[in-house]
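Pasted below: query_35.pdb, PDB, C-alpha atoms.
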```
ATOM      1  CA  MET M   1     -12.882  -2.938  12.204
ATOM      2  CA  GLU M   2     -15.168   0.133  12.176
ATOM      3  CA  THR M   3     -13.856   3.411  13.636
ATOM      4  CA  GLY M   4     -16.323   3.318  16.536
ATOM      5  CA  ASP M   5     -15.378  -0.253  17.397
ATOM      6  CA  ARG M   6     -11.695   0.586  17.241
ATOM      7  CA  LEU M   7     -12.156   3.556  19.588
ATOM      8  CA  THR M   8     -14.104   1.380  22.016
ATOM      9  CA  LEU M   9     -11.354  -1.237  21.896
ATOM     10  CA  LEU M  10      -8.702   1.422  22.461
ATOM     11  CA  GLY M  11     -10.565   2.581  25.562
ATOM     12  CA  GLU M  12     -10.802  -0.958  26.923
ATOM     13  CA  ILE M  13      -7.142  -1.640  26.286
ATOM     14  CA  ALA M  14      -6.001   1.709  27.692
ATOM     15  CA  GLY M  15      -7.868   0.944  30.911
ATOM     16  CA  GLU M  16      -6.367  -2.540  31.143
ATOM     17  CA  ILE M  17      -2.841  -1.320  30.427
ATOM     18  CA  ALA M  18      -3.186   1.451  33.026
ATOM     19  CA  HIS M  19      -4.315  -1.093  35.628
ATOM     20  CA  GLU M  20      -1.526  -3.553  34.866
ATOM     21  CA  LEU M  21       1.210  -0.930  34.589
ATOM     22  CA  ARG M  22       0.199   0.477  37.962
ATOM     23  CA  ASN M  23       0.713  -2.990  39.432
ATOM     24  CA  SER M  24       4.080  -3.287  37.669
ATOM     25  CA  LEU M  25       5.211   0.104  38.949
ATOM     26  CA  GLN M  26       4.289  -0.888  42.504
ATOM     27  CA  VAL M  27       6.457  -4.009  42.195
ATOM     28  CA  ILE M  28       9.360  -2.013  40.711
ATOM     29  CA  THR M  29       9.094   0.676  43.393
ATOM     30  CA  ALA M  30       9.004  -1.890  46.199
ATOM     31  CA  SER M  31      11.960  -3.824  44.748
ATOM     32  CA  ALA M  32      14.005  -0.642  44.316
ATOM     33  CA  TYR M  33      13.323   0.320  47.931
ATOM     34  CA  VAL M  34      14.417  -3.087  49.220
ATOM     35  CA  GLY M  35      17.531  -3.068  47.054
ATOM     36  CA  GLN M  36      18.543   0.373  48.249
ATOM     37  CA  ASN M  37      18.031  -0.410  51.932
ATOM     38  CA  ALA M  38      19.383  -3.975  51.928
ATOM     39  CA  PRO M  39      22.373  -4.070  49.539
ATOM     40  CA  GLU M  40      22.810  -7.820  50.024
ATOM     41  CA  ARG M  41      19.379  -8.312  48.449
ATOM     42  CA  ALA M  42      19.995  -5.915  45.552
ATOM     43  CA  PRO M  43      20.842  -8.579  42.886
ATOM     44  CA  ALA M  44      17.581 -10.463  43.490
ATOM     45  CA  GLN M  45      15.582  -7.230  43.490
ATOM     46  CA  LEU M  46      17.225  -6.028  40.273
ATOM     47  CA  ALA M  47      16.323  -9.342  38.651
ATOM     48  CA  ARG M  48      12.725  -8.877  39.817
ATOM     49  CA  ILE M  49      12.650  -5.366  38.359
ATOM     50  CA  ALA M  50      13.958  -6.679  35.029
ATOM     51  CA  ARG M  51      11.306  -9.451  34.924
ATOM     52  CA  THR M  52       8.533  -7.011  35.778
ATOM     53  CA  ALA M  53       9.644  -4.521  33.119
ATOM     54  CA  ALA M  54       9.826  -7.321  30.519
ATOM     55  CA  ASP M  55       6.331  -8.494  31.466
ATOM     56  CA  ALA M  56       5.027  -4.934  31.092
ATOM     57  CA  GLN M  57       6.599  -4.670  27.637
ATOM     58  CA  ARG M  58       5.014  -7.979  26.570
ATOM     59  CA  LEU M  59       1.645  -6.724  27.836
ATOM     60  CA  ILE M  60       1.891  -3.619  25.665
ATOM     61  CA  ASP M  61       2.950  -5.679  22.641
ATOM     62  CA  ASP M  62       0.046  -8.095  23.141
ATOM     63  CA  MET M  63      -2.480  -5.288  23.474
ATOM     64  CA  LEU M  64      -1.179  -3.551  20.345
ATOM     65  CA  GLU M  65      -1.785  -6.766  18.410
ATOM     66  CA  LEU M  66      -5.433  -6.569  19.460
ATOM     67  CA  VAL M  67      -5.726  -2.933  18.419
ATOM     68  CA  ARG M  68      -4.408  -3.814  14.965
ATOM     69  CA  GLY M  69      -7.055  -6.494  14.712
ATOM     70  CA  ASP M  70      -4.478  -9.248  14.277
ATOM     71  CA  ARG M  71      -5.414 -12.856  14.951
ATOM     72  CA  ALA M  72      -3.723 -13.952  18.150
ATOM     73  CA  PRO M  73      -0.542 -15.866  17.196
ATOM     74  CA  ARG M  74      -0.692 -19.316  18.744
ATOM     75  CA  GLU M  75       1.673 -21.928  20.021
ATOM     76  CA  VAL M  76       1.049 -25.375  21.436
ATOM     77  CA  VAL M  77       1.264 -25.151  25.228
ATOM     78  CA  ASP M  78       0.133 -27.120  28.245
ATOM     79  CA  LEU M  79      -3.074 -25.523  29.511
ATOM     80  CA  HIS M  80      -1.625 -25.520  33.030
ATOM     81  CA  VAL M  81       0.721 -22.699  31.934
ATOM     82  CA  PRO M  82      -1.907 -19.965  31.302
ATOM     83  CA  ILE M  83      -4.039 -21.248  34.204
ATOM     84  CA  LEU M  84      -1.200 -20.821  36.705
ATOM     85  CA  ALA M  85      -0.177 -17.493  35.151
ATOM     86  CA  ALA M  86      -3.735 -16.214  35.622
ATOM     87  CA  ARG M  87      -3.461 -16.924  39.368
ATOM     88  CA  GLU M  88      -0.020 -15.471  40.040
ATOM     89  CA  HIS M  89      -1.319 -12.151  41.336
ATOM     90  CA  LEU M  90      -4.037 -13.654  43.560
ATOM     91  CA  ALA M  91      -3.714 -14.007  47.318
ATOM     92  CA  PRO M  92      -3.290 -17.678  48.363
ATOM     93  CA  ALA M  93      -6.614 -17.672  50.224
ATOM     94  CA  ALA M  94      -8.557 -15.701  47.599
ATOM     95  CA  ALA M  95     -10.327 -18.823  46.288
ATOM     96  CA  THR M  96     -10.253 -22.591  46.203
ATOM     97  CA  PHE M  97      -9.306 -23.759  42.727
ATOM     98  CA  VAL M  98     -10.282 -27.110  41.239
ATOM     99  CA  ASP M  99      -8.919 -28.079  37.829
ATOM    100  CA  GLU M 100     -10.528 -30.784  35.712
ATOM    101  CA  LEU M 101      -8.242 -31.108  32.710
ATOM    102  CA  PRO M 102      -7.711 -33.943  30.231
ATOM    103  CA  ALA M 103      -4.617 -36.127  30.496
ATOM    104  CA  ASP M 104      -3.299 -34.462  27.350
ATOM    105  CA  ALA M 105      -3.785 -30.780  28.121
ATOM    106  CA  ARG M 106      -1.678 -29.381  25.266
ATOM    107  CA  PHE M 107      -3.598 -26.965  23.064
ATOM    108  CA  SER M 108      -2.898 -24.293  20.463
ATOM    109  CA  LEU M 109      -3.391 -20.799  21.918
ATOM    110  CA  HIS M 110      -1.655 -17.540  22.809
ATOM    111  CA  PRO M 111      -0.478 -18.317  26.368
ATOM    112  CA  ARG M 112      -0.228 -14.749  27.695
ATOM    113  CA  LEU M 113      -3.459 -13.506  26.156
ATOM    114  CA  PHE M 114      -5.361 -16.614  27.181
ATOM    115  CA  ALA M 115      -4.056 -16.188  30.724
ATOM    116  CA  ARG M 116      -5.689 -12.750  30.676
ATOM    117  CA  VAL M 117      -9.027 -14.303  29.697
ATOM    118  CA  LEU M 118      -8.842 -16.773  32.571
ATOM    119  CA  GLY M 119      -7.590 -14.063  34.926
ATOM    120  CA  ALA M 120     -10.616 -11.897  34.159
ATOM    121  CA  LEU M 121     -12.961 -14.804  34.924
ATOM    122  CA  PHE M 122     -11.138 -15.674  38.153
ATOM    123  CA  ASP M 123     -11.038 -12.024  39.270
ATOM    124  CA  ASN M 124     -14.731 -11.597  38.561
ATOM    125  CA  ALA M 125     -15.694 -14.652  40.625
ATOM    126  CA  ILE M 126     -13.588 -13.507  43.576
ATOM    127  CA  ALA M 127     -14.708  -9.870  43.463
ATOM    128  CA  VAL M 128     -18.451 -10.574  43.585
ATOM    129  CA  SER M 129     -18.274 -13.236  46.319
ATOM    130  CA  ALA M 130     -18.700 -12.385  49.987
ATOM    131  CA  ARG M 131     -16.458 -15.353  50.876
ATOM    132  CA  PRO M 132     -13.608 -17.057  49.019
ATOM    133  CA  PRO M 133     -15.383 -18.965  46.244
ATOM    134  CA  THR M 134     -14.631 -22.385  44.826
ATOM    135  CA  ILE M 135     -13.683 -21.956  41.173
ATOM    136  CA  VAL M 136     -13.694 -24.984  38.901
ATOM    137  CA  THR M 137     -11.800 -24.856  35.604
ATOM    138  CA  ARG M 138     -12.709 -27.595  33.132
ATOM    139  CA  ALA M 139     -11.282 -28.270  29.702
ATOM    140  CA  ARG M 140     -12.087 -30.749  26.975
ATOM    141  CA  ARG M 141     -11.742 -31.289  23.281
ATOM    142  CA  ASP M 142     -14.833 -30.953  21.120
ATOM    143  CA  GLY M 143     -13.685 -32.281  17.772
ATOM    144  CA  GLU M 144     -10.784 -29.988  16.902
ATOM    145  CA  ALA M 145     -11.934 -27.197  19.238
ATOM    146  CA  LEU M 146     -10.850 -26.441  22.801
ATOM    147  CA  VAL M 147     -13.679 -25.874  25.276
ATOM    148  CA  VAL M 148     -12.829 -24.327  28.649
ATOM    149  CA  GLU M 149     -15.440 -23.690  31.332
ATOM    150  CA  VAL M 150     -14.943 -21.625  34.478
ATOM    151  CA  GLU M 151     -17.619 -22.123  37.118
ATOM    152  CA  ASP M 152     -17.908 -20.619  40.589
ATOM    153  CA  ASP M 153     -20.269 -21.014  43.538
ATOM    154  CA  GLY M 154     -20.687 -17.293  44.172
ATOM    155  CA  PRO M 155     -23.860 -15.200  43.864
ATOM    156  CA  GLY M 156     -23.928 -15.360  40.077
ATOM    157  CA  VAL M 157     -24.541 -12.545  37.612
ATOM    158  CA  ASN M 158     -27.491 -10.268  38.277
ATOM    159  CA  GLU M 159     -30.274 -10.709  35.719
ATOM    160  CA  ALA M 160     -30.345  -6.955  35.135
ATOM    161  CA  ILE M 161     -26.819  -6.865  33.710
ATOM    162  CA  ALA M 162     -26.385 -10.439  32.442
ATOM    163  CA  PRO M 163     -27.257  -9.604  28.798
ATOM    164  CA  ARG M 164     -24.604  -6.852  28.809
ATOM    165  CA  ILE M 165     -21.985  -8.474  31.048
ATOM    166  CA  PHE M 166     -19.335  -8.311  28.300
ATOM    167  CA  ASP M 167     -19.936  -4.636  27.515
ATOM    168  CA  ALA M 168     -17.307  -2.175  28.707
ATOM    169  CA  LEU M 169     -18.287  -0.221  31.845
ATOM    170  CA  VAL M 170     -21.002  -2.752  32.751
ATOM    171  CA  THR M 171     -20.169  -4.369  36.090
ATOM    172  CA  GLY M 172     -21.825  -5.931  39.114
ATOM    173  CA  ARG M 173     -18.889  -5.320  41.448
ATOM    174  CA  ALA M 174     -18.380  -2.282  43.644
ATOM    175  CA  GLY M 175     -15.624  -0.113  42.214
ATOM    176  CA  GLY M 176     -15.346  -2.267  39.090
ATOM    177  CA  THR M 177     -14.834  -0.903  35.585
ATOM    178  CA  GLY M 178     -16.305  -3.724  33.533
ATOM    179  CA  LEU M 179     -13.198  -3.734  31.336
ATOM    180  CA  GLY M 180     -11.887  -7.169  32.305
ATOM    181  CA  LEU M 181     -14.703  -9.250  30.828
ATOM    182  CA  ALA M 182     -15.042  -6.934  27.817
ATOM    183  CA  LEU M 183     -11.368  -7.410  27.000
ATOM    184  CA  ALA M 184     -11.613 -11.162  27.673
ATOM    185  CA  ARG M 185     -14.235 -11.438  24.936
ATOM    186  CA  ARG M 186     -12.061  -9.384  22.578
ATOM    187  CA  ILE M 187      -9.107 -11.688  23.197
ATOM    188  CA  THR M 188     -11.263 -14.759  22.639
ATOM    189  CA  ALA M 189     -12.507 -13.280  19.363
ATOM    190  CA  ALA M 190      -8.888 -12.660  18.329
ATOM    191  CA  HIS M 191      -8.419 -16.433  18.677
ATOM    192  CA  GLY M 192     -11.408 -16.877  16.362
ATOM    193  CA  GLY M 193     -13.427 -18.159  19.311
ATOM    194  CA  SER M 194     -16.291 -17.228  21.609
ATOM    195  CA  LEU M 195     -16.924 -16.438  25.281
ATOM    196  CA  GLU M 196     -20.397 -16.709  26.775
ATOM    197  CA  LEU M 197     -22.168 -16.709  30.111
ATOM    198  CA  LEU M 198     -24.234 -19.875  30.572
ATOM    199  CA  THR M 199     -25.753 -19.436  34.050
ATOM    200  CA  ARG M 200     -26.815 -16.456  36.113
ATOM    201  CA  ALA M 201     -27.882 -15.650  39.684
ATOM    202  CA  PRO M 202     -28.446 -17.221  42.128
ATOM    203  CA  GLN M 203     -26.660 -20.484  41.308
ATOM    204  CA  GLY M 204     -23.191 -19.092  40.641
ATOM    205  CA  ALA M 205     -21.713 -18.227  37.278
ATOM    206  CA  LEU M 206     -20.568 -20.514  34.489
ATOM    207  CA  PHE M 207     -18.561 -19.064  31.606
ATOM    208  CA  ARG M 208     -17.623 -21.068  28.509
ATOM    209  CA  VAL M 209     -14.745 -20.328  26.160
ATOM    210  CA  VAL M 210     -14.552 -22.103  22.791
ATOM    211  CA  LEU M 211     -11.418 -21.832  20.668
ATOM    212  CA  PRO M 212     -11.538 -23.465  17.234
ATOM    213  CA  ALA M 213      -8.504 -25.301  15.887
TER     214      ALA M 213
END
```

Kindly return the structure encoded in the file as structure tokens.
Amino acid sequence: METGDRLTLLGEIAGEIAHELRNSLQVITASAYVGQNAPERAPAQLARIARTAADAQRLIDDMLELVRGDRAPREVVDLHVPILAAREHLAPAAATFVDELPADARFSLHPRLFARVLGALFDNAIAVSARPPTIVTRARRDGEALVVEVEDDGPGVNEAIAPRIFDALVTGRAGGTGLGLALARRITAAHGGSLELLTRAPQGALFRVVLPA
């Protein structure tokens, strides 16, 4: 990886880590407060703090793998696992989710990193929609490859930024950083795969991820 590319990647990852660690610290702070003020709930809150700290450590480890340029280590997992993980932080009414998955949904991928790819696509669809969108996640096998499509019925991606939608700091959402989709493409590349935008405004957005065997 060239020096300029590595510096760009470091910036993207630093922004993502800062965002996620801020969320983790909020959870830890809230749990500590509850545990201190309701001693009977302290064991459950301490367990929550431990889980959150472990998740933060795994995030840092995963991001460092990307900085080193390593291929994402894979394991065979049910695709439902990263899909559900990508939705854990979303409000229940944030979107309507429809999953169209094959009967055998076990594929070779990095579950935590792939959850971040899906999370970026889900977050993007929700953030640009004036109402809770319907988000359809489809998966299929194409030979030995895994093809995952995420489609929403929101306003789509503005033509002015569509060609650069995966560039860092390019965003169509108010207050957005553009880091989520940029990092999603990096993670997909670390799997040896690709991430592309297939449709634009005004018919919603359709993103396709292809991971080779």

d(CA of Phe97 in chain M, CA of Thr137 in chain M) in Å: 7.6 Å

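Picked by the PyMOL selection byres ((chain M and resi 122) around 9) from the coordinates shown: Ala86, Arg87, Ala95, Val117, Leu118, Gly119, Ala120, Leu121, Asp123, Asn124, Ala125, Ile126, Ala127, Ile135, Val150 and Asp152 of chain M.
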
Close residues, range 19-31 of chain M itself excluded, 12 Å, only C-alpha atoms, min 6 positions apart in chain, as an MDAnalysis selection string: chainID M and resid 12:13 37:39 41:60 63 89 116 176:177 179:180

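The closest residue to Pro102 in chain M, picked from M:Ala184, M:Arg138, M:Pro133, M:Gly35 and counting all atoms listed in the file, is M:Arg138.
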
For Asp62 in chain M, the nearest of the candidates M:Arg112, M:Arg74, M:Leu79, M:Thr96, counting all atoms listed in the file: M:Arg112

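Proximity to Gly156 in chain M was assessed for M:Ala14, M:Ala130, M:Leu195, M:Ala93 counting all atoms listed in the file; the smallest distance is recorded for M:Ala130.
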
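We find CA of Glu144 in chain M and CA of Ala213 in chain M to be spaced 5.3 Å apart.
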
Expected selection from the PyMOL selection byres ((chain M and resi 108) around 9), given as a ChimeraX atom specification: /M:74-78,106-107,109-111,146,211,213

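Nearest to Ala139 in chain M of all the residues M:Val210, M:Ala189, M:Ile165, M:Ala160 is M:Val210, based on all atoms listed in the file.
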
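In terms of minimum interatomic distance to Val157 in chain M, M:Gly204 ranks closest within M:Leu64, M:Val209, M:Gly204, M:Ile83, counting all atoms listed in the file.
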
Straight-line distance linking CA of Leu90 in chain M with CA of Tyr33 in chain M, stated in Å to one decimal: 22.7 Å

Residue among M:Glu88, M:Leu113, M:Ala105, M:Arg141 lying closest to Leu183 in chain M, counting all atoms listed in the file: M:Leu113
